[in-house]
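Student: Quick one: this structure, given as C-alpha cells, is what I'll be asking you about.
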Amino acid sequence: MSYRPSSVSNWYRYVSTMFRQTTGLLKQPRYLSFLGQKPWRFNSSSAKERALLYKAGEKIHGFTVNQVTDVPDLFLTAVKLTHDNTGARYLHVARDDSNNLFSVQFRTTPMDSTGVPHILEHTVLCGSEKFPCRDPFFKMLNRSLSTFMNAFTASDYTMYPFSTQNGKDFQNLLSVYLDAVFFPCLRELDFWQEGWRLEHENPTDPNAPLVFKGVVFNEMKGSFTDNERLYAQHLQNKLYPDHTYSVVSGGEPLDIPELSWEQLKQFHATHYHPSNARFFTYGNLPLEQHLKQIQEEALSRFQRTEPQTAVPPQTHWSNPREHHVTCGPDSLAPDPSKQNTVCVSYLLGDITDTFEAFTLNLLSSLMVTGPNSPFYKALIEAKIGTDFSSVVGFDGSIKEASFSVGMQGIAEKDIETVKEIIFRTVNEVIANGFEEERIEALLHKIEIQMKHQSTSFGLSLASYIATCWNHDGDPVEVLKISDKVTRFRQCLQDNPHFLQEKVKLYFKDNPHRLTLSMSPDESYFEKQAKAEDEKLKQKVSALSEEDKKLIYEKGLQLMAAQSATQDASCLPALKVSDIQPTIPFTPVEMGNAGDVPVQYCAQPTNGMVYFRAMCSLNTLPEELKIYVPLFCNVITKLGCGVMDYRQQSQQIELKTGGMSVSPQIIPDATDLDVYEQGVLLSSSSLERNVPDMMRLWSEIINTACFDDEERLRVLVMMSAQELANGIPDSGHTYAMIRAARNLTPAGDLQETFDGMDQVNIMKRIAEMSNLTPILRKFPRIKKHLFNPENMRCAVNATPQMMSEASLEVEKLMNLIARKKKERKHVQPNIIEKPLDPLVGSSFSPGSGPSRKLISDPTFKPCQMKTYFQLPFPVNYVSECIRAVPFADQDYASLQILARLMTAKFLHGEIREKGGAYGGGARMGQGGLFAFYSYRDPNSITTLTAFRKGVEWAKAGKFTQQDIDEAKLSVFSAVDAPIAPSNKGISQFLNGIPDEMKQKHREQLFAVTHKSLVEVANKYLGIGQSTCGLAILGPPNESINKNPSWVVR
C-alpha cells in the first residue's frame, strides 16, 4: 500500500525505464514511461485473436461491448465495455501473456488534507463482508502465488491492482479485492490503527502521556522528511490552487487528526461506487469469466448513480505567480551553504488530448534530457547548482499536464540567476529549434521501448492509461503509439517550426507560470515538532475525563485485537500442491571470443540483442576501490575517442537502448567467506545496431576521455545530490547494509559501494575544490578492469541473430588492448570455479573458463552497532545475523522462516502495534538473515520486537497452515516471471545454474515445522551467531548514553 503524489513522478528525471517497484513508494510512471514490453510467446496469438471476435453492441454478463481495437504494435487487442446497470467502465487487454492482471480504480478527489483517500485505501483492505478477518490483504500475500499485490493513492484516483500467473489464484484474489473495495467492514478499530488515534505512549499505562499514533500518520511524517517530495507537493498545491490538487491527498500529518471515522465512511459511500469505477483486466485468461465474477460478486448489488467527482479545469492565470517555502536542512548535502531550490512550472493542456500530451512529452525530453538538451547545457553545466530540481520535465499524472524546470543545490544569491537562465533558454529554443539527429534519437528510444519485453507489462499498462481514463479520456487512444509517432513526423514535415511554436505557446506566452523557491530553515524540524505538540495539546485539552477513560479502554481494545489469534479460514487459498514441482530449464551455450568466455542464451527477444560483460576487480589496488562506484557512474558519460561527451551521449541514444556500468559484489553460493568482485557492463540494441553498440563499447574501453574536470564536477555533484536525496526512501536498505558490514568478508566492500560510506565518500569528493586527483585515478582503474584476461561475456538474442552477435563480440574482444604486464591478484586467496556448471568436479584451476572468487580464510565476524543520527522524525532499523550460503540445506528453512516471522509475528508487532510503515525479516542470497523496519516511530522497541520474534520462532508457535502459507509466499517470489533479456543471467553472474535452483526448490518443499524450529535455535539465538545492528533516525538519548553503540 502506498501513496503516490502526482508531481512526484518527476523526482526521477525523464527516463525510458518503465516503472520502479520499491518496498515503500511506487513511483508514478511518466507519460511515455510505459513503452516497453512485448509478449512472451510469438507463436501463439490465441488470446488476442479470440478477443477480436467480440462485436460492438454484444451483451456479456451485464456488460455491453463498446469497441474492439487491434493494437498490433503491442501485440494486443483492446476491448472496451460498459456495465449496463451502473455505467462502470471496463477495459480488457487480451494478450498472450500468462502474467494476468486485474485493477480497479476510483476517482478520489478530496477537498482537504486529512488524507481521507489514503487512509481509506489502507482501511478497506482490513476486512470485508465475505472476508471479515483482520487484514485479509496481508494474509492473501501468503495464500496466493501473486506476482504483484498492492494499492496506490494518487492525487485524484485510488487504484487496486494484482497480478498472477495462476488462473485459480486470479479468481481468489479477484473475490478478495472486489469484496474489499465495495463491501469493506471499515471498523473503527481499523481506522485507529491505519489512520490516526490518540493513545497512551504505553497503552497499558493510563498515566502515560497521550500521543498521536497510526500507520498513515507515521508514513506521511516520514514521507515529508524527503525534501524532494515536500517540494513536489508544494509545487502541485500552488500550481493548481482551485480544486483537489490544492490539498495533500496522502494527508498532511497535522491535518490527519482532523479526520473522523464518520467522514471516512462517507467518503467511501460517495467515491467507491461502480458508477465511479474503472475496471481493467489484462492477459491470456478469458474475458467472460472475469465479467461473470465481477457481475455476480459485486456489480449486481448496485444501481447507477451520478458521481460528483469530476475535476474542473484549473482557472488559467492572467499573470505569473511566485511562492517561497521552507524545508529541513540536509546534513549530507554536498555543499551545506547551497541548499536552495528554485523551479519554474507551466500549466499545459488537458491530458485527454492524447496527441498533444504525446507531443509535449517528447518536447520536454528534448528540452531537459541528457547533455545535449538546452536546459542541461544552460543550467547543469553552469555549475551553480547540483542537479535539476526534483520536479523536472513533463508531468502528465493529473488532469492538466505541466512542465517544470529548475535547479536544486544552489546558493540563495543564485535564485534570480537561475530564473534568468530559464527564460533566456526558452527564447533560444524558439529561435534555434532542435537538431534533427536529437529528434531521431528520441524516436529511436520509443522504438526500443516498444521492442523490449518486461515481466510486468500489464501493471505498467494499467498505470500508463490511468490518468487519461480517470478524466474520461479514451484509454485505447493512449495505446496507439505508432500512430502518434507517424502523426508527429508528419507535423514536423508539414511545419519545420512545429516544436518551436509549441515552446512559444506553452512557455513564452503562457501567463500560468509558477516560480517556486525553497530554502532550508535550521529550526524547521523543531517547528514541525512544536506544531505537532501544539496540535496534541489542543486535542488533549478538549477531552473530558470520560473521553480519556474511553481512549485508554480503546487502546486496550485495539491492543487485544492486534494480539488475538486470527481466524483466516474464510479467505480463499491455494495449496502447496498447486505449485509446480519443477522449473523449466533455460538452455545456454558456452563459447569463446578469443580467450574470453561467452555465454549464449537464445531467446525470443523480439529483435533486440542484450550484451553483458563482467570484469573482475581482483587486480585492483585496495586504495582505488572506493572510487569504483564513481568510475562506473561516469565512464560512459565523459566522451571517448574523437567524441566529446555530448556526441557520445547522442550516439548512445541513436544506436542503443542504453549503456551502463555497475559495481558487483556477488556472494558465493556455497561459502559465506567467498565472494566475487567486479563491474558489469550492460547494454542492448536493435539487431541492426549491434555493430554500432560494440563499436561504442570498444571506444569507451580503449579511449575513454579522462581530461575534462568540469564535466566530472557536474557528474559528481549530481551523484552526491542523488545519493543524499535517496536516504528517506531507502533508509532500511542502508541500515541492512551497515548492520551486515562486519559479518562476512564482502560486507565491508558492500558498505563502501552501496552503503552510507558511499554517501559520505561522494559528499567528500563533491566538496573537493580540485578534482584532478580523482581524474588521475580513473586510467589506473580502467587498466585493471578492462582486460580480456579478467572478463566474461553474455549475449541474449534470437537464435537467428546468435551467429552475427557472436562475431561482433569477438571483434570487440580483439579490439580491447591486452595488457603486456601481467597483473597479480591483490588478494592472495583466489578460488576458481567453472563457468560451465556441467563441468562439475572434473574442473581444476586453469583447465577452463572460470569465475575467480576471493576467499578470506582468516576472516572473523564481529558485532557492530551503528547509529546514524539524521534529522528525520522516523527510524530505519535493522539487525543482521550471519547464517548460511544459498546451497546449504538450512537456507531454504531460513527463507521460509523469514516469511513466516514477517507474516505471523513481526507485521503485527512492528506495523500494527508499533505504527511503522513496514517491517519484517528476509533471508538474503549472501547468507545473512536480516530484520528491518521502515519509517518507524520506534527504534529500541523495534529491536526488542526482533528478539521477541526469535523467541516466538524458537518456541515453534506456528501451525502447518502457517508454514504452507509461507511457502506459497516464498514460491511467488521464486517463480516470478523472468524476461527473455534476463534468462540465464543468474548462472552467468551468480554461478547458480538451473540444477542448483531445482535442488533449492526441492529443499523449500521439504521444509517442516521441525526444521524451522531447529534453524531458529541454531542461527537466531543470542550468542549462537554473530549479529550486527544499525539504525538511521532522529537523536536518541538512550543510544547516545550506551557505549556499545557507535554514533555517526
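Chain identifiers are assigned as A, B, and so on, following the order in which chains appear in the C-alpha cells; residues are numbered from 1 within each chain, and ligands are numbered from 1 in order of appearance.
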Could you list, as JSON, numbers by chain, every residue within 10 Å of Lys997 of chain A, counting only C-alpha atoms and ignoring same-chain residues fewer than 6 positions away?
Tutor: {"A": [582, 583, 585, 886, 887, 974, 986, 987, 1003]}
Student: Produce a file of the selected residues containing all heavy atoms, as a compact mmCIF listing (two decimals), in the first residue's frame.
Tutor:
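Saved result, again_29.txt, follows:
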```
# COMPACT_ATOMS: atom_id res chain seq x y z
N THR A 582 8.66 -28.63 -10.57
CA THR A 582 9.95 -28.41 -11.24
C THR A 582 9.95 -27.08 -11.99
O THR A 582 8.89 -26.54 -12.31
CB THR A 582 10.26 -29.53 -12.25
OG1 THR A 582 9.20 -29.57 -13.21
CG2 THR A 582 10.38 -30.87 -11.57
N ILE A 583 11.13 -26.59 -12.27
CA ILE A 583 11.25 -25.36 -13.06
C ILE A 583 11.64 -25.72 -14.49
O ILE A 583 12.33 -26.71 -14.71
CB ILE A 583 12.31 -24.39 -12.48
CG1 ILE A 583 13.68 -25.06 -12.37
CG2 ILE A 583 11.86 -23.83 -11.16
CD1 ILE A 583 14.82 -24.09 -12.11
N PHE A 585 14.01 -25.57 -17.45
CA PHE A 585 15.44 -25.23 -17.55
C PHE A 585 15.67 -24.32 -18.76
O PHE A 585 15.04 -24.48 -19.80
CB PHE A 585 16.28 -26.51 -17.68
CG PHE A 585 16.54 -27.19 -16.36
CD1 PHE A 585 15.57 -27.22 -15.36
CD2 PHE A 585 17.76 -27.79 -16.10
CE1 PHE A 585 15.80 -27.84 -14.15
CE2 PHE A 585 18.01 -28.41 -14.88
CZ PHE A 585 17.02 -28.44 -13.90
N PHE A 886 23.57 -19.95 0.09
CA PHE A 886 22.41 -20.37 -0.68
C PHE A 886 22.31 -21.89 -0.83
O PHE A 886 21.22 -22.47 -0.74
CB PHE A 886 22.47 -19.71 -2.07
CG PHE A 886 21.35 -20.10 -2.99
CD1 PHE A 886 20.08 -19.56 -2.85
CD2 PHE A 886 21.55 -21.02 -4.02
CE1 PHE A 886 19.05 -19.91 -3.70
CE2 PHE A 886 20.54 -21.38 -4.88
CZ PHE A 886 19.27 -20.82 -4.71
N ALA A 887 23.43 -22.56 -1.06
CA ALA A 887 23.39 -24.00 -1.35
C ALA A 887 23.26 -24.86 -0.10
O ALA A 887 23.03 -26.07 -0.19
CB ALA A 887 24.65 -24.41 -2.12
N VAL A 974 10.04 -16.78 -5.88
CA VAL A 974 10.97 -17.68 -6.58
C VAL A 974 10.51 -17.90 -8.03
O VAL A 974 11.34 -17.99 -8.95
CB VAL A 974 11.04 -19.04 -5.83
CG1 VAL A 974 11.74 -20.11 -6.67
CG2 VAL A 974 11.77 -18.86 -4.50
N SER A 986 21.29 -15.52 -13.94
CA SER A 986 21.69 -15.95 -12.59
C SER A 986 22.86 -16.93 -12.67
O SER A 986 23.72 -16.96 -11.80
CB SER A 986 20.52 -16.56 -11.82
OG SER A 986 20.12 -17.77 -12.41
N GLN A 987 22.90 -17.73 -13.74
CA GLN A 987 24.05 -18.62 -13.92
C GLN A 987 25.29 -17.82 -14.30
O GLN A 987 26.38 -18.03 -13.75
CB GLN A 987 23.75 -19.66 -15.01
CG GLN A 987 24.95 -20.55 -15.32
CD GLN A 987 24.59 -21.70 -16.24
OE1 GLN A 987 23.54 -22.31 -16.11
NE2 GLN A 987 25.47 -22.00 -17.19
N GLN A 1003 14.29 -28.38 -1.67
CA GLN A 1003 14.54 -28.12 -0.25
C GLN A 1003 13.43 -27.23 0.34
O GLN A 1003 13.04 -27.43 1.49
CB GLN A 1003 15.92 -27.45 -0.08
CG GLN A 1003 17.08 -28.41 -0.34
CD GLN A 1003 18.42 -27.68 -0.43
OE1 GLN A 1003 18.48 -26.47 -0.65
NE2 GLN A 1003 19.51 -28.43 -0.28
```
Student: As a count of residues only, please: all residues of segment 188-355 of chain A that backbone DSSP puts in strand (DSSP E).
Tutor: 33
Student: Under the rule that only C-alpha atoms are counted, which of A:Arg713, A:Arg1048, A:Arg301, A:Arg764 is the nearest residue to Ala382 of chain A?
Tutor: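 When distances to Ala382 of chain A are compared using only C-alpha atoms, the smallest one comes from A:Arg713.
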Student: Residues within 10 Å of Thr636 of chain A, please, as a list in words. Count only C-alpha atoms; anything in the same chain fewer than 4 positions from it doesn't count.
Tutor: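 Surrounding residues, per the criterion: Phe631, Cys632, Cys640, Tyr645, Gln648, Ser649, Ile652, Gly658, Met659, Ser660, Val661, Leu696, Trp697, Glu699, Ile700, Ile701, Ala704 and Cys705 of chain A.
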Student: Any idea what's packed within 7 Å of Leu672 of chain A, counting only C-alpha atoms, ignoring anything in its chain fewer than 4 positions away? Could you give it as a PyMOL selection string?
Tutor: chain A and resi 668+744+884-885+927
Student: The selected residues should be written to file as a compact mmCIF listing (two decimals), in the first residue's frame (atoms: N, CA, C and O atoms).
Tutor:
```txt
# COMPACT_ATOMS: atom_id res chain seq x y z
N ASP A 668 29.28 -16.05 -2.90
CA ASP A 668 29.37 -17.42 -3.39
C ASP A 668 28.17 -18.22 -2.88
O ASP A 668 27.68 -17.99 -1.77
N THR A 744 30.53 -10.71 7.04
CA THR A 744 31.17 -11.52 6.00
C THR A 744 32.30 -10.69 5.38
O THR A 744 32.28 -9.47 5.47
N VAL A 884 23.76 -18.96 6.66
CA VAL A 884 24.35 -19.98 5.77
C VAL A 884 24.24 -19.54 4.32
O VAL A 884 23.35 -18.76 3.97
N PRO A 885 25.10 -20.06 3.42
CA PRO A 885 25.01 -19.70 2.00
C PRO A 885 23.84 -20.39 1.30
O PRO A 885 23.23 -21.31 1.84
N GLY A 927 23.57 -14.98 2.45
CA GLY A 927 23.66 -15.84 3.62
C GLY A 927 23.40 -15.13 4.93
O GLY A 927 23.70 -15.65 6.00
```
Student: Would you mind telling me which residue in A:Gly919, A:Pro980, A:Gly328, A:Pro136 lies nearest to Glu526 of chain A when using only C-alpha atoms?
Tutor: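 Distance minimum relative to Glu526 of chain A lands on A:Gly328.
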Student: Applying 12 Å and only C-alpha atoms, which residues near Thr772 of chain A remain after dropping the ones on its own chain fewer than 2 positions away? List them as a PDB file with N, CA and C atoms, in the first residue's frame.
Tutor:
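Output file selection.pdb follows:
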```
ATOM      1  N   PHE A 706      39.609  11.182 -19.970  1.00  0.00           N
ATOM      2  CA  PHE A 706      39.726  11.495 -18.542  1.00  0.00           C
ATOM      3  C   PHE A 706      40.432  12.838 -18.346  1.00  0.00           C
ATOM      4  N   ASP A 707      40.042  13.836 -19.145  1.00  0.00           N
ATOM      5  CA  ASP A 707      40.738  15.114 -19.056  1.00  0.00           C
ATOM      6  C   ASP A 707      39.815  16.306 -18.831  1.00  0.00           C
ATOM      7  N   ASP A 708      38.519  16.046 -18.651  1.00  0.00           N
ATOM      8  CA  ASP A 708      37.568  17.156 -18.514  1.00  0.00           C
ATOM      9  C   ASP A 708      37.101  17.260 -17.066  1.00  0.00           C
ATOM     10  N   GLU A 709      37.835  18.054 -16.289  1.00  0.00           N
ATOM     11  CA  GLU A 709      37.490  18.182 -14.866  1.00  0.00           C
ATOM     12  C   GLU A 709      36.120  18.835 -14.673  1.00  0.00           C
ATOM     13  N   GLU A 710      35.771  19.784 -15.532  1.00  0.00           N
ATOM     14  CA  GLU A 710      34.491  20.482 -15.381  1.00  0.00           C
ATOM     15  C   GLU A 710      33.324  19.518 -15.588  1.00  0.00           C
ATOM     16  N   ARG A 711      33.459  18.635 -16.576  1.00  0.00           N
ATOM     17  CA  ARG A 711      32.412  17.634 -16.817  1.00  0.00           C
ATOM     18  C   ARG A 711      32.302  16.687 -15.627  1.00  0.00           C
ATOM     19  N   LEU A 712      33.450  16.267 -15.100  1.00  0.00           N
ATOM     20  CA  LEU A 712      33.432  15.376 -13.940  1.00  0.00           C
ATOM     21  C   LEU A 712      32.751  16.053 -12.757  1.00  0.00           C
ATOM     22  N   ARG A 713      33.010  17.340 -12.567  1.00  0.00           N
ATOM     23  CA  ARG A 713      32.399  18.047 -11.430  1.00  0.00           C
ATOM     24  C   ARG A 713      30.876  18.032 -11.527  1.00  0.00           C
ATOM     25  N   ILE A 765      34.018  13.975  -1.980  1.00  0.00           N
ATOM     26  CA  ILE A 765      34.533  14.262  -3.323  1.00  0.00           C
ATOM     27  C   ILE A 765      33.872  15.534  -3.869  1.00  0.00           C
ATOM     28  N   MET A 768      35.525  18.698  -2.788  1.00  0.00           N
ATOM     29  CA  MET A 768      36.902  18.979  -3.212  1.00  0.00           C
ATOM     30  C   MET A 768      36.934  20.129  -4.208  1.00  0.00           C
ATOM     31  N   SER A 769      37.879  21.044  -4.021  1.00  0.00           N
ATOM     32  CA  SER A 769      37.983  22.188  -4.932  1.00  0.00           C
ATOM     33  C   SER A 769      38.664  21.800  -6.236  1.00  0.00           C
ATOM     34  N   ASN A 770      39.466  20.744  -6.202  1.00  0.00           N
ATOM     35  CA  ASN A 770      40.194  20.300  -7.392  1.00  0.00           C
ATOM     36  C   ASN A 770      39.972  18.802  -7.575  1.00  0.00           C
ATOM     37  N   ILE A 774      41.255  12.933  -8.650  1.00  0.00           N
ATOM     38  CA  ILE A 774      40.272  11.857  -8.880  1.00  0.00           C
ATOM     39  C   ILE A 774      40.370  11.394 -10.331  1.00  0.00           C
ATOM     40  N   LEU A 775      40.405  12.354 -11.258  1.00  0.00           N
ATOM     41  CA  LEU A 775      40.508  12.003 -12.681  1.00  0.00           C
ATOM     42  C   LEU A 775      41.724  11.127 -12.951  1.00  0.00           C
ATOM     43  N   ARG A 776      42.835  11.423 -12.258  1.00  0.00           N
ATOM     44  CA  ARG A 776      44.073  10.677 -12.498  1.00  0.00           C
ATOM     45  C   ARG A 776      43.970   9.222 -12.052  1.00  0.00           C
ATOM     46  N   LYS A 777      43.016   8.933 -11.177  1.00  0.00           N
ATOM     47  CA  LYS A 777      42.862   7.551 -10.711  1.00  0.00           C
ATOM     48  C   LYS A 777      42.117   6.698 -11.743  1.00  0.00           C
ATOM     49  N   PHE A 778      41.295   7.330 -12.590  1.00  0.00           N
ATOM     50  CA  PHE A 778      40.429   6.581 -13.500  1.00  0.00           C
ATOM     51  C   PHE A 778      41.197   5.751 -14.530  1.00  0.00           C
TER      52      PHE A 778
END
```
Student: What does the distance between atom CA of Glu201 of chain A and atom CA of Lys265 of chain A come to in Å, to one decimal place?
Tutor: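 These two atoms are separated by 27.5 Å.
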